[in-house]
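With PDB, C-alpha atoms inside, this is model.pdb:
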ATOM      1  CA  MET A   6     -35.159 155.942  -8.251
ATOM      2  CA  ARG A   7     -36.595 159.152  -9.640
ATOM      3  CA  THR A   8     -35.944 157.796 -13.137
ATOM      4  CA  ALA A   9     -37.950 154.646 -12.377
ATOM      5  CA  SER A  10     -40.797 156.738 -10.945
ATOM      6  CA  ALA A  11     -40.825 158.944 -14.032
ATOM      7  CA  LEU A  12     -40.936 155.889 -16.274
ATOM      8  CA  LEU A  13     -43.874 154.496 -14.285
ATOM      9  CA  LEU A  14     -45.757 157.767 -14.680
ATOM     10  CA  VAL A  15     -45.159 157.732 -18.437
ATOM     11  CA  LEU A  16     -46.462 154.164 -18.666
ATOM     12  CA  LEU A  17     -49.559 154.986 -16.614
ATOM     13  CA  ALA A  18     -50.247 158.016 -18.793
ATOM     14  CA  PHE A  19     -49.928 155.895 -21.935
ATOM     15  CA  ILE A  20     -52.419 153.354 -20.605
ATOM     16  CA  LEU A  21     -54.913 156.069 -19.738
ATOM     17  CA  VAL A  22     -54.623 157.729 -23.139
ATOM     18  CA  HIS A  23     -54.603 154.411 -25.034
ATOM     19  CA  PRO A  24     -57.093 152.128 -23.265
ATOM     20  CA  GLN A  25     -57.199 149.809 -26.300
ATOM     21  CA  ALA A  26     -53.417 149.334 -26.402
ATOM     22  CA  GLU A  27     -53.401 145.706 -25.319
ATOM     23  CA  ALA A  28     -52.215 143.725 -28.329
ATOM     24  CA  GLY A  29     -54.889 141.540 -29.821
ATOM     25  CA  ALA A  30     -57.757 142.929 -27.734
ATOM     26  CA  THR A  31     -60.094 143.318 -30.699
ATOM     27  CA  LEU A  32     -59.141 139.989 -32.235
ATOM     28  CA  ASP A  33     -59.794 138.216 -28.924
ATOM     29  CA  ALA A  34     -63.184 139.904 -28.578
ATOM     30  CA  VAL A  35     -64.160 139.010 -32.150
ATOM     31  CA  ARG A  36     -63.169 135.378 -31.650
ATOM     32  CA  GLN A  37     -65.107 135.113 -28.388
ATOM     33  CA  ARG A  38     -68.135 136.734 -29.981
ATOM     34  CA  GLY A  39     -67.808 134.682 -33.172
ATOM     35  CA  GLN A  40     -68.742 137.704 -35.220
ATOM     36  CA  ILE A  41     -67.352 141.000 -36.500
ATOM     37  CA  ARG A  42     -69.378 144.143 -35.867
ATOM     38  CA  CYS A  43     -68.925 146.320 -38.946
ATOM     39  CA  GLY A  44     -70.157 149.893 -39.211
ATOM     40  CA  VAL A  45     -71.667 150.725 -42.615
ATOM     41  CA  THR A  46     -74.108 153.048 -44.323
ATOM     42  CA  GLU A  47     -77.441 151.514 -45.220
ATOM     43  CA  ASP A  48     -78.502 153.517 -48.250
ATOM     44  CA  LEU A  49     -75.607 153.795 -50.685
ATOM     45  CA  TYR A  50     -75.986 151.325 -53.519
ATOM     46  CA  GLY A  51     -72.667 149.843 -54.598
ATOM     47  CA  PHE A  52     -70.962 150.565 -51.277
ATOM     48  CA  SER A  53     -73.239 149.198 -48.579
ATOM     49  CA  ALA A  54     -76.972 148.609 -48.638
ATOM     50  CA  PRO A  55     -79.313 145.693 -47.912
ATOM     51  CA  ASP A  56     -81.414 144.238 -50.699
ATOM     52  CA  GLY A  57     -85.119 143.457 -50.449
ATOM     53  CA  GLU A  58     -84.365 140.254 -48.547
ATOM     54  CA  GLY A  59     -82.045 141.922 -46.054
ATOM     55  CA  HIS A  60     -78.795 140.655 -47.626
ATOM     56  CA  TRP A  61     -76.037 143.250 -47.605
ATOM     57  CA  HIS A  62     -74.080 144.140 -50.743
ATOM     58  CA  GLY A  63     -71.387 146.636 -51.663
ATOM     59  CA  ILE A  64     -67.686 147.266 -51.993
ATOM     60  CA  ASP A  65     -67.489 148.288 -48.311
ATOM     61  CA  VAL A  66     -69.548 145.262 -47.315
ATOM     62  CA  ASP A  67     -66.946 143.074 -49.034
ATOM     63  CA  VAL A  68     -64.214 144.528 -46.808
ATOM     64  CA  CYS A  69     -66.195 143.444 -43.757
ATOM     65  CA  ARG A  70     -66.716 139.986 -45.232
ATOM     66  CA  ALA A  71     -63.051 139.666 -46.161
ATOM     67  CA  VAL A  72     -61.933 140.366 -42.594
ATOM     68  CA  ALA A  73     -64.490 137.866 -41.247
ATOM     69  CA  ALA A  74     -63.191 135.240 -43.677
ATOM     70  CA  ALA A  75     -59.601 135.921 -42.629
ATOM     71  CA  VAL A  76     -60.247 135.884 -38.879
ATOM     72  CA  LEU A  77     -63.170 133.478 -38.455
ATOM     73  CA  GLY A  78     -62.932 131.454 -41.665
ATOM     74  CA  ASP A  79     -66.463 132.475 -42.639
ATOM     75  CA  ALA A  80     -67.283 135.634 -44.607
ATOM     76  CA  GLY A  81     -70.852 135.456 -43.331
ATOM     77  CA  LYS A  82     -69.942 136.047 -39.693
ATOM     78  CA  VAL A  83     -70.559 139.783 -39.792
ATOM     79  CA  ARG A  84     -73.141 141.902 -38.026
ATOM     80  CA  PHE A  85     -73.690 145.047 -40.070
ATOM     81  CA  VAL A  86     -74.345 148.130 -37.954
ATOM     82  CA  PRO A  87     -75.988 150.969 -39.945
ATOM     83  CA  LEU A  88     -74.541 154.353 -38.962
ATOM     84  CA  ASN A  89     -75.182 157.885 -40.174
ATOM     85  CA  ALA A  90     -72.367 160.328 -40.857
ATOM     86  CA  GLN A  91     -72.570 161.885 -37.391
ATOM     87  CA  MET A  92     -72.518 158.567 -35.486
ATOM     88  CA  ARG A  93     -69.895 156.650 -37.463
ATOM     89  CA  LEU A  94     -66.680 157.898 -35.837
ATOM     90  CA  THR A  95     -68.083 157.850 -32.305
ATOM     91  CA  ALA A  96     -69.332 154.284 -32.767
ATOM     92  CA  LEU A  97     -65.806 153.144 -33.614
ATOM     93  CA  GLN A  98     -64.105 155.189 -30.898
ATOM     94  CA  SER A  99     -66.492 153.875 -28.231
ATOM     95  CA  GLY A 100     -66.054 150.216 -29.189
ATOM     96  CA  GLU A 101     -69.594 149.759 -30.483
ATOM     97  CA  ILE A 102     -68.103 148.402 -33.706
ATOM     98  CA  ASP A 103     -64.817 146.643 -34.533
ATOM     99  CA  LEU A 104     -64.388 148.098 -37.995
ATOM    100  CA  LEU A 105     -65.762 151.096 -39.855
ATOM    101  CA  ALA A 106     -66.252 150.438 -43.573
ATOM    102  CA  ARG A 107     -68.547 153.283 -44.521
ATOM    103  CA  ASN A 108     -67.346 155.389 -47.501
ATOM    104  CA  THR A 109     -65.339 157.553 -45.090
ATOM    105  CA  THR A 110     -62.690 159.971 -46.354
ATOM    106  CA  TYR A 111     -59.178 159.448 -45.007
ATOM    107  CA  THR A 112     -58.177 162.858 -43.562
ATOM    108  CA  LEU A 113     -55.455 164.131 -41.244
ATOM    109  CA  THR A 114     -57.731 165.196 -38.396
ATOM    110  CA  ARG A 115     -59.699 161.962 -38.393
ATOM    111  CA  ASP A 116     -56.503 159.923 -38.487
ATOM    112  CA  ALA A 117     -54.428 161.926 -35.995
ATOM    113  CA  ALA A 118     -56.944 163.505 -33.637
ATOM    114  CA  GLY A 119     -60.013 161.309 -34.076
ATOM    115  CA  GLY A 120     -58.676 158.189 -32.399
ATOM    116  CA  LEU A 121     -58.784 156.267 -35.686
ATOM    117  CA  ASN A 122     -56.301 154.413 -37.854
ATOM    118  CA  PHE A 123     -57.235 154.253 -41.518
ATOM    119  CA  THR A 124     -56.170 151.090 -43.299
ATOM    120  CA  VAL A 125     -56.075 150.831 -47.119
ATOM    121  CA  VAL A 126     -57.997 153.055 -49.523
ATOM    122  CA  ASN A 127     -60.600 150.828 -51.169
ATOM    123  CA  PHE A 128     -62.056 153.524 -53.425
ATOM    124  CA  TYR A 129     -60.442 156.696 -54.777
ATOM    125  CA  ASP A 130     -63.125 159.305 -55.313
ATOM    126  CA  GLY A 131     -63.629 163.053 -55.637
ATOM    127  CA  GLN A 132     -66.468 165.431 -54.897
ATOM    128  CA  GLY A 133     -68.630 166.888 -57.637
ATOM    129  CA  PHE A 134     -72.075 168.256 -58.403
ATOM    130  CA  LEU A 135     -75.278 166.735 -59.786
ATOM    131  CA  VAL A 136     -77.729 169.095 -61.494
ATOM    132  CA  PRO A 137     -80.927 168.823 -63.526
ATOM    133  CA  LYS A 138     -80.140 169.432 -67.187
ATOM    134  CA  LYS A 139     -82.975 171.958 -67.327
ATOM    135  CA  LEU A 140     -80.924 174.205 -65.014
ATOM    136  CA  GLY A 141     -78.754 174.973 -68.039
ATOM    137  CA  VAL A 142     -75.480 174.629 -66.132
ATOM    138  CA  SER A 143     -72.475 172.826 -67.599
ATOM    139  CA  ARG A 144     -69.713 173.775 -65.123
ATOM    140  CA  ALA A 145     -69.588 174.220 -61.350
ATOM    141  CA  ASN A 146     -68.506 177.867 -61.588
ATOM    142  CA  GLN A 147     -71.933 178.616 -63.071
ATOM    143  CA  LEU A 148     -73.756 177.775 -59.824
ATOM    144  CA  ALA A 149     -74.017 181.380 -58.617
ATOM    145  CA  GLY A 150     -77.391 181.925 -56.957
ATOM    146  CA  ALA A 151     -78.075 178.193 -56.716
ATOM    147  CA  THR A 152     -79.202 176.233 -53.675
ATOM    148  CA  ILE A 153     -76.993 173.202 -53.125
ATOM    149  CA  CYS A 154     -78.068 170.153 -51.106
ATOM    150  CA  VAL A 155     -75.354 168.524 -48.987
ATOM    151  CA  GLN A 156     -75.220 166.149 -46.033
ATOM    152  CA  THR A 157     -74.002 167.691 -42.800
ATOM    153  CA  GLY A 158     -71.209 166.125 -40.747
ATOM    154  CA  THR A 159     -69.285 165.120 -43.869
ATOM    155  CA  THR A 160     -66.206 166.366 -45.704
ATOM    156  CA  ASN A 161     -68.637 167.232 -48.514
ATOM    157  CA  GLU A 162     -70.115 170.091 -46.480
ATOM    158  CA  LEU A 163     -66.702 171.659 -45.840
ATOM    159  CA  ASN A 164     -65.528 171.115 -49.416
ATOM    160  CA  VAL A 165     -68.528 172.941 -50.866
ATOM    161  CA  ALA A 166     -67.970 175.889 -48.517
ATOM    162  CA  ASP A 167     -64.266 176.005 -49.422
ATOM    163  CA  TYR A 168     -64.988 175.798 -53.152
ATOM    164  CA  LEU A 169     -67.635 178.539 -53.150
ATOM    165  CA  ARG A 170     -65.384 180.815 -51.097
ATOM    166  CA  ALA A 171     -62.321 180.172 -53.258
ATOM    167  CA  GLN A 172     -64.285 180.769 -56.480
ATOM    168  CA  ASN A 173     -66.123 183.777 -55.027
ATOM    169  CA  ILE A 174     -69.468 182.198 -55.882
ATOM    170  CA  GLU A 175     -72.582 183.348 -54.037
ATOM    171  CA  ALA A 176     -74.689 180.231 -53.466
ATOM    172  CA  ARG A 177     -76.709 178.773 -50.590
ATOM    173  CA  THR A 178     -76.226 175.321 -49.062
ATOM    174  CA  LEU A 179     -79.153 173.353 -47.695
ATOM    175  CA  THR A 180     -77.903 170.751 -45.204
ATOM    176  CA  PHE A 181     -79.503 167.517 -44.027
ATOM    177  CA  GLU A 182     -78.502 165.101 -41.289
ATOM    178  CA  LYS A 183     -79.408 162.013 -43.304
ATOM    179  CA  PHE A 184     -78.208 161.254 -46.809
ATOM    180  CA  ALA A 185     -81.636 159.956 -47.842
ATOM    181  CA  GLU A 186     -83.265 163.212 -46.726
ATOM    182  CA  ALA A 187     -80.817 165.257 -48.802
ATOM    183  CA  VAL A 188     -81.468 163.057 -51.837
ATOM    184  CA  SER A 189     -85.238 163.380 -51.441
ATOM    185  CA  ALA A 190     -84.903 167.155 -51.263
ATOM    186  CA  TYR A 191     -82.914 167.244 -54.494
ATOM    187  CA  VAL A 192     -85.323 164.950 -56.333
ATOM    188  CA  ALA A 193     -88.250 167.064 -55.108
ATOM    189  CA  GLY A 194     -86.630 170.204 -56.518
ATOM    190  CA  ARG A 195     -85.922 171.903 -53.198
ATOM    191  CA  CYS A 196     -82.372 172.547 -54.355
ATOM    192  CA  ASP A 197     -80.738 173.210 -57.706
ATOM    193  CA  ALA A 198     -77.733 170.934 -57.207
ATOM    194  CA  PHE A 199     -76.513 168.094 -55.045
ATOM    195  CA  SER A 200     -72.872 167.867 -53.975
ATOM    196  CA  ALA A 201     -71.251 164.629 -52.826
ATOM    197  CA  ASP A 202     -68.600 162.138 -53.878
ATOM    198  CA  ALA A 203     -68.879 161.483 -57.612
ATOM    199  CA  SER A 204     -69.663 157.816 -56.965
ATOM    200  CA  GLY A 205     -72.547 158.849 -54.704
ATOM    201  CA  LEU A 206     -73.855 161.194 -57.383
ATOM    202  CA  ALA A 207     -73.858 158.296 -59.837
ATOM    203  CA  VAL A 208     -75.911 156.302 -57.323
ATOM    204  CA  ILE A 209     -78.439 159.125 -56.904
ATOM    205  CA  ARG A 210     -78.841 159.602 -60.630
ATOM    206  CA  ALA A 211     -79.236 155.867 -61.307
ATOM    207  CA  GLU A 212     -81.332 154.908 -58.282
ATOM    208  CA  ASN A 213     -83.320 157.923 -57.147
ATOM    209  CA  THR A 214     -84.199 160.165 -60.064
ATOM    210  CA  PRO A 215     -87.326 159.364 -62.115
ATOM    211  CA  ASN A 216     -85.368 159.775 -65.359
ATOM    212  CA  PRO A 217     -81.551 159.595 -65.013
ATOM    213  CA  ASP A 218     -81.059 161.142 -68.465
ATOM    214  CA  ASP A 219     -82.567 164.373 -67.146
ATOM    215  CA  HIS A 220     -79.647 164.863 -64.772
ATOM    216  CA  LEU A 221     -75.993 165.697 -65.332
ATOM    217  CA  ILE A 222     -72.884 165.131 -63.212
ATOM    218  CA  LEU A 223     -70.749 168.205 -63.859
ATOM    219  CA  PRO A 224     -67.150 167.506 -64.968
ATOM    220  CA  ASP A 225     -65.603 169.550 -62.151
ATOM    221  CA  ILE A 226     -64.057 167.549 -59.283
ATOM    222  CA  ILE A 227     -63.427 169.881 -56.343
ATOM    223  CA  SER A 228     -61.644 167.570 -53.897
ATOM    224  CA  ARG A 229     -59.736 164.357 -53.329
ATOM    225  CA  GLU A 230     -61.805 161.782 -51.459
ATOM    226  CA  PRO A 231     -59.771 158.647 -50.664
ATOM    227  CA  LEU A 232     -62.336 156.362 -49.014
ATOM    228  CA  ALA A 233     -60.883 153.876 -46.558
ATOM    229  CA  PRO A 234     -61.982 151.558 -43.736
ATOM    230  CA  ALA A 235     -60.779 152.478 -40.258
ATOM    231  CA  VAL A 236     -60.105 150.839 -36.903
ATOM    232  CA  ARG A 237     -59.469 152.219 -33.436
ATOM    233  CA  GLN A 238     -56.001 153.408 -32.535
ATOM    234  CA  GLY A 239     -54.090 151.254 -30.085
ATOM    235  CA  ASP A 240     -54.535 147.719 -31.413
ATOM    236  CA  ASP A 241     -51.775 147.124 -33.927
ATOM    237  CA  GLN A 242     -52.622 143.476 -34.543
ATOM    238  CA  TRP A 243     -56.208 144.241 -35.558
ATOM    239  CA  TYR A 244     -55.001 147.129 -37.721
ATOM    240  CA  ASP A 245     -52.585 144.770 -39.483
ATOM    241  CA  ILE A 246     -55.253 142.112 -40.054
ATOM    242  CA  VAL A 247     -57.712 144.550 -41.641
ATOM    243  CA  LYS A 248     -54.989 146.203 -43.716
ATOM    244  CA  TRP A 249     -53.528 142.961 -45.070
ATOM    245  CA  SER A 250     -56.963 141.512 -45.755
ATOM    246  CA  GLN A 251     -57.458 144.385 -48.186
ATOM    247  CA  PHE A 252     -53.991 144.040 -49.666
ATOM    248  CA  ALA A 253     -54.694 140.341 -50.221
ATOM    249  CA  MET A 254     -57.674 141.161 -52.448
ATOM    250  CA  ILE A 255     -55.588 143.574 -54.535
ATOM    251  CA  GLU A 256     -52.665 141.133 -54.677
ATOM    252  CA  ALA A 257     -55.048 138.388 -55.791
ATOM    253  CA  GLU A 258     -56.177 140.492 -58.740
ATOM    254  CA  ALA A 259     -52.565 141.264 -59.649
ATOM    255  CA  ARG A 260     -51.688 137.545 -59.627
ATOM    256  CA  GLY A 261     -54.824 136.405 -61.447
ATOM    257  CA  LEU A 262     -56.330 134.617 -58.450
ATOM    258  CA  THR A 263     -60.132 134.553 -58.455
ATOM    259  CA  ALA A 264     -62.905 132.892 -56.492
ATOM    260  CA  ALA A 265     -63.295 130.472 -59.393
ATOM    261  CA  ASN A 266     -59.660 129.372 -59.752
ATOM    262  CA  VAL A 267     -58.191 129.751 -56.274
ATOM    263  CA  ASP A 268     -58.690 126.071 -55.392
ATOM    264  CA  ALA A 269     -56.721 124.998 -58.436
ATOM    265  CA  MET A 270     -54.073 127.639 -57.767
ATOM    266  CA  ARG A 271     -53.221 126.013 -54.428
ATOM    267  CA  SER A 272     -51.266 123.523 -56.539
ATOM    268  CA  SER A 273     -49.254 126.303 -58.186
ATOM    269  CA  ALA A 274     -45.480 125.994 -58.175
ATOM    270  CA  ASP A 275     -45.150 129.782 -57.778
ATOM    271  CA  PRO A 276     -43.592 130.334 -54.321
ATOM    272  CA  ALA A 277     -45.370 133.692 -53.899
ATOM    273  CA  ILE A 278     -48.779 132.109 -54.515
ATOM    274  CA  LYS A 279     -47.947 129.192 -52.214
ATOM    275  CA  ARG A 280     -47.072 131.644 -49.420
ATOM    276  CA  MET A 281     -50.167 133.741 -50.040
ATOM    277  CA  LEU A 282     -52.575 130.812 -49.977
ATOM    278  CA  GLY A 283     -51.002 129.278 -46.873
ATOM    279  CA  VAL A 284     -49.565 126.229 -48.627
ATOM    280  CA  THR A 285     -46.196 127.471 -47.427
ATOM    281  CA  PRO A 286     -46.755 128.640 -43.836
ATOM    282  CA  GLY A 287     -45.639 131.918 -42.314
ATOM    283  CA  LEU A 288     -47.963 134.777 -43.259
ATOM    284  CA  GLY A 289     -50.770 133.564 -41.004
ATOM    285  CA  ALA A 290     -48.435 133.180 -38.037
ATOM    286  CA  ALA A 291     -47.190 136.737 -38.597
ATOM    287  CA  LEU A 292     -50.751 138.056 -38.234
ATOM    288  CA  GLY A 293     -51.796 135.626 -35.495
ATOM    289  CA  ILE A 294     -54.504 133.983 -37.608
ATOM    290  CA  ALA A 295     -54.869 130.788 -39.677
ATOM    291  CA  GLU A 296     -52.407 130.188 -42.520
ATOM    292  CA  GLY A 297     -55.257 129.908 -45.027
ATOM    293  CA  TRP A 298     -56.590 133.389 -44.268
ATOM    294  CA  ALA A 299     -55.976 134.815 -47.763
ATOM    295  CA  TYR A 300     -57.366 131.672 -49.403
ATOM    296  CA  ALA A 301     -60.541 132.105 -47.326
ATOM    297  CA  ILE A 302     -60.898 135.704 -48.499
ATOM    298  CA  ILE A 303     -60.406 134.940 -52.184
ATOM    299  CA  SER A 304     -62.584 131.827 -52.231
ATOM    300  CA  GLN A 305     -65.472 133.430 -50.336
ATOM    301  CA  VAL A 306     -65.321 137.106 -51.368
ATOM    302  CA  GLY A 307     -63.107 137.249 -54.456
ATOM    303  CA  ASN A 308     -60.323 139.559 -55.515
ATOM    304  CA  TYR A 309     -60.571 143.353 -55.686
ATOM    305  CA  ALA A 310     -61.627 143.370 -59.357
ATOM    306  CA  GLU A 311     -64.443 140.909 -58.677
ATOM    307  CA  SER A 312     -65.699 143.047 -55.809
ATOM    308  CA  TYR A 313     -65.429 146.262 -57.816
ATOM    309  CA  GLU A 314     -67.135 144.973 -60.949
ATOM    310  CA  ARG A 315     -70.142 143.378 -59.255
ATOM    311  CA  ASN A 316     -70.769 146.307 -56.914
ATOM    312  CA  VAL A 317     -69.922 149.512 -58.791
ATOM    313  CA  GLY A 318     -68.460 148.432 -62.139
ATOM    314  CA  ALA A 319     -69.745 146.721 -65.268
ATOM    315  CA  GLY A 320     -71.872 144.218 -63.340
ATOM    316  CA  SER A 321     -73.743 146.934 -61.449
ATOM    317  CA  LYS A 322     -76.219 149.678 -62.281
ATOM    318  CA  LEU A 323     -73.476 152.288 -61.839
ATOM    319  CA  LYS A 324     -71.034 150.901 -64.422
ATOM    320  CA  LEU A 325     -68.252 153.115 -63.096
ATOM    321  CA  PRO A 326     -64.951 152.773 -64.971
ATOM    322  CA  ARG A 327     -61.995 151.653 -62.874
ATOM    323  CA  GLY A 328     -60.068 154.911 -63.362
ATOM    324  CA  LEU A 329     -57.875 155.586 -60.334
ATOM    325  CA  ASN A 330     -59.150 152.336 -58.822
ATOM    326  CA  ALA A 331     -57.394 150.230 -61.446
ATOM    327  CA  LEU A 332     -54.191 148.370 -60.663
ATOM    328  CA  TRP A 333     -50.992 150.397 -60.904
ATOM    329  CA  THR A 334     -50.088 148.303 -63.957
ATOM    330  CA  ASP A 335     -53.214 149.667 -65.685
ATOM    331  CA  GLY A 336     -52.642 153.310 -64.785
ATOM    332  CA  GLY A 337     -54.503 153.272 -61.455
ATOM    333  CA  LEU A 338     -53.463 153.647 -57.818
ATOM    334  CA  MET A 339     -54.194 150.149 -56.504
ATOM    335  CA  TYR A 340     -50.800 148.844 -55.433
ATOM    336  CA  PRO A 341     -50.556 146.092 -52.799
ATOM    337  CA  MET A 342     -47.636 145.870 -50.410
ATOM    338  CA  PRO A 343     -45.674 142.599 -50.802
ATOM    339  CA  LEU A 344     -47.221 139.561 -49.092
ATOM    340  CA  ARG A 345     -43.996 137.933 -47.961
TER     341      ARG A 345
END
Show me this structure written as structure tokens.
Amino acid sequence: MRTASALLLVLLAFILVHPQAEAGATLDAVRQRGQIRCGVTEDLYGFSAPDGEGHWHGIDVDVCRAVAAAVLGDAGKVRFVPLNAQMRLTALQSGEIDLLARNTTYTLTRDAAGGLNFTVVNFYDGQGFLVPKKLGVSRANQLAGATICVQTGTTNELNVADYLRAQNIEARTLTFEKFAEAVSAYVAGRCDAFSADASGLAVIRAENTPNPDDHLILPDIISREPLAPAVRQGDDQWYDIVKWSQFAMIEAEARGLTAANVDAMRSSADPAIKRMLGVTPGLGAALGIAEGWAYAIISQVGNYAESYERNVGAGSKLKLPRGLNALWTDGGLMYPMPLR
């Protein structure tokens, strides 16, 4: 009897600590609402930002659209919720959003103690420094005496402090709550350098400086910044859906499936492609969504390469090389788990 009572207490404690533990709770809410609420940044070109007509674009935006396509059959059924660095984790933990796709670094404390589950890294990055060429600096260890702009509430702030301490460099950091404020301060000359993810530095140089050629991204990378979407802990089905939606985009690139050819590829004799596109059923049932979920993603959003190239690669202002974000077959780290 005491054993049964102890078991009941354990179960009650689990429910209190994991209020979202009911399987499928997020999926049910999304279906009833007919829309995914996706937390994003609103001022980072290439990752997530609205254009002049209010249409959202970016590699993180495409994750949101992919999940909407998989779950609701329509990549347009997303409400984008702009969040600053301080609000983003709380918004997800509190249930204000269903998915956080906001250039957020996958770290131990956020994953284990922050009530979050990170899904799949959609951009491998690293932190660096942007400086005006007139400063005469070519390496980060030459920043002694400099004032460095950085956004507070980010891993960037901690990384700069760690780097300066480890290198015994005397420099001052100037912190700002909003990314746009930090950028404006750098452009106005209030600081000698700006430190952020290298992709973000490329955005600042291309989008915000009067003459990009007057600014230099130093070659030193001082951290690893794996950027990944996240969901709340306690809803395994939703976690699986978001994770496999991302894997489907990477798998599509690996198999040569694109938005342009995916309709024709439904007639493929390849059993792996038939399973992936829902011609042979099973993968949709495993996730609790329609069998054509991956087909919907590829036809409406595209594969990972298509998303990368139009947002941050050759088809964008940034023209960032694939690097670590290439497929594993091309020397990168993008490696999808088997869709079977």
Near range 58-66 of chain A, 8 Å: range 255-323 of chain A residue rows, closest pairs, all atoms listed in the file, as CSV:
residue,atom,partner,partner_atom,distance
A:Ser312,CA,A:Ile64,CA,6.0
A:Tyr313,CA,A:Ile64,CA,6.3
A:Asn316,CA,A:Gly63,CA,5.3
A:Val317,CA,A:Ile64,CA,7.5
Next on the checklist: Report as number ranges by chain all protein, DNA and RNA residues lying within 8 Å of range 91-101 of chain A, evaluated on all atoms listed in the file, omitting residues in the same chain fewer than 5 positions from it.
Outcome noted: A: 42, 44, 107, 119-121, 158-159, 182, 236-237
Would you export the selected residues with C-alpha atoms as a short mmCIF file (atom, residue, chain, number, x, y, z; two decimals), in the coordinates of the input, please?
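Ended up saving to out32.cif:
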data_model
loop_
_atom_site.label_atom_id
_atom_site.label_comp_id
_atom_site.auth_asym_id
_atom_site.auth_seq_id
_atom_site.Cartn_x
_atom_site.Cartn_y
_atom_site.Cartn_z
CA ARG A 42 -69.38 144.14 -35.87
CA GLY A 44 -70.16 149.89 -39.21
CA ARG A 107 -68.55 153.28 -44.52
CA GLY A 119 -60.01 161.31 -34.08
CA GLY A 120 -58.68 158.19 -32.40
CA LEU A 121 -58.78 156.27 -35.69
CA GLY A 158 -71.21 166.12 -40.75
CA THR A 159 -69.28 165.12 -43.87
CA GLU A 182 -78.50 165.10 -41.29
CA VAL A 236 -60.10 150.84 -36.90
CA ARG A 237 -59.47 152.22 -33.44
#
Item to check | Output of the PyMOL selection byres ((chain A and resi 248) around 10), listed as a list in words | outcome: Val68, Val72, Phe123, Thr124, Val125, Val126, Pro234, Ala235, Val236, Gln242, Trp243, Tyr244, Asp245, Ile246, Val247, Trp249, Ser250, Gln251, Phe252, Ala253 and Met342 of chain A
Just-selected residues, C-alpha atoms written as a PDB file, keeping the file's coordinate frame:
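And here is the file that came out, again-v3.pdb:
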ATOM      1  CA  VAL A  68     -64.214 144.528 -46.808  1.00  0.00           C
ATOM      2  CA  VAL A  72     -61.933 140.366 -42.594  1.00  0.00           C
ATOM      3  CA  PHE A 123     -57.235 154.253 -41.518  1.00  0.00           C
ATOM      4  CA  THR A 124     -56.170 151.090 -43.299  1.00  0.00           C
ATOM      5  CA  VAL A 125     -56.075 150.831 -47.119  1.00  0.00           C
ATOM      6  CA  VAL A 126     -57.997 153.055 -49.523  1.00  0.00           C
ATOM      7  CA  PRO A 234     -61.982 151.558 -43.736  1.00  0.00           C
ATOM      8  CA  ALA A 235     -60.779 152.478 -40.258  1.00  0.00           C
ATOM      9  CA  VAL A 236     -60.105 150.839 -36.903  1.00  0.00           C
ATOM     10  CA  GLN A 242     -52.622 143.476 -34.543  1.00  0.00           C
ATOM     11  CA  TRP A 243     -56.208 144.241 -35.558  1.00  0.00           C
ATOM     12  CA  TYR A 244     -55.001 147.129 -37.721  1.00  0.00           C
ATOM     13  CA  ASP A 245     -52.585 144.770 -39.483  1.00  0.00           C
ATOM     14  CA  ILE A 246     -55.253 142.112 -40.054  1.00  0.00           C
ATOM     15  CA  VAL A 247     -57.712 144.550 -41.641  1.00  0.00           C
ATOM     16  CA  TRP A 249     -53.528 142.961 -45.070  1.00  0.00           C
ATOM     17  CA  SER A 250     -56.963 141.512 -45.755  1.00  0.00           C
ATOM     18  CA  GLN A 251     -57.458 144.385 -48.186  1.00  0.00           C
ATOM     19  CA  PHE A 252     -53.991 144.040 -49.666  1.00  0.00           C
ATOM     20  CA  ALA A 253     -54.694 140.341 -50.221  1.00  0.00           C
ATOM     21  CA  MET A 342     -47.636 145.870 -50.410  1.00  0.00           C
TER      22      MET A 342
END
Checklist entry - Quick one: distance from CA of Asp197 in chain A to CA of Ala211 in chain A in Å, one decimal? => result 17.8 Å
Checklist entry - By how many Å are CA of Leu323 in chain A and CA of Ser204 in chain A apart? => result 8.3 Å
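Across A:Arg195, A:Arg315, A:Lys139, A:Lys82, the tightest approach to Asp219 in chain A is made by A:Lys139 when counting all atoms listed in the file.
Across the model, the gap from CA of Ala75 in chain A to CA of Pro87 in chain A is 22.4 Å.
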Checklist entry - Using all atoms listed in the file, which residues sit within 10 Å of Ala185 in chain A once same-chain residues fewer than 3 positions away are excluded, as an NGL selection string? => result :A and (47-49 or 156 or 181-182 or 188-191 or 209 or 213)
Checklist entry - If we count all atoms listed in the file, what is near Gly131 in chain A at a cut-off of 6 Å, once residues fewer than 3 positions away on the same chain are taken out, given as a list of chain:residue names? => result A:Asp202, A:Ala203, A:Ile226, A:Ser228, A:Arg229, A:Glu230
Checklist entry - the PyMOL selection byres ((chain A and resi 289) around 12) on the file shown: which residues, as a PyMOL selection string? => result chain A and resi 75-76+242+245-246+249-250+280-288+290-301+344-345
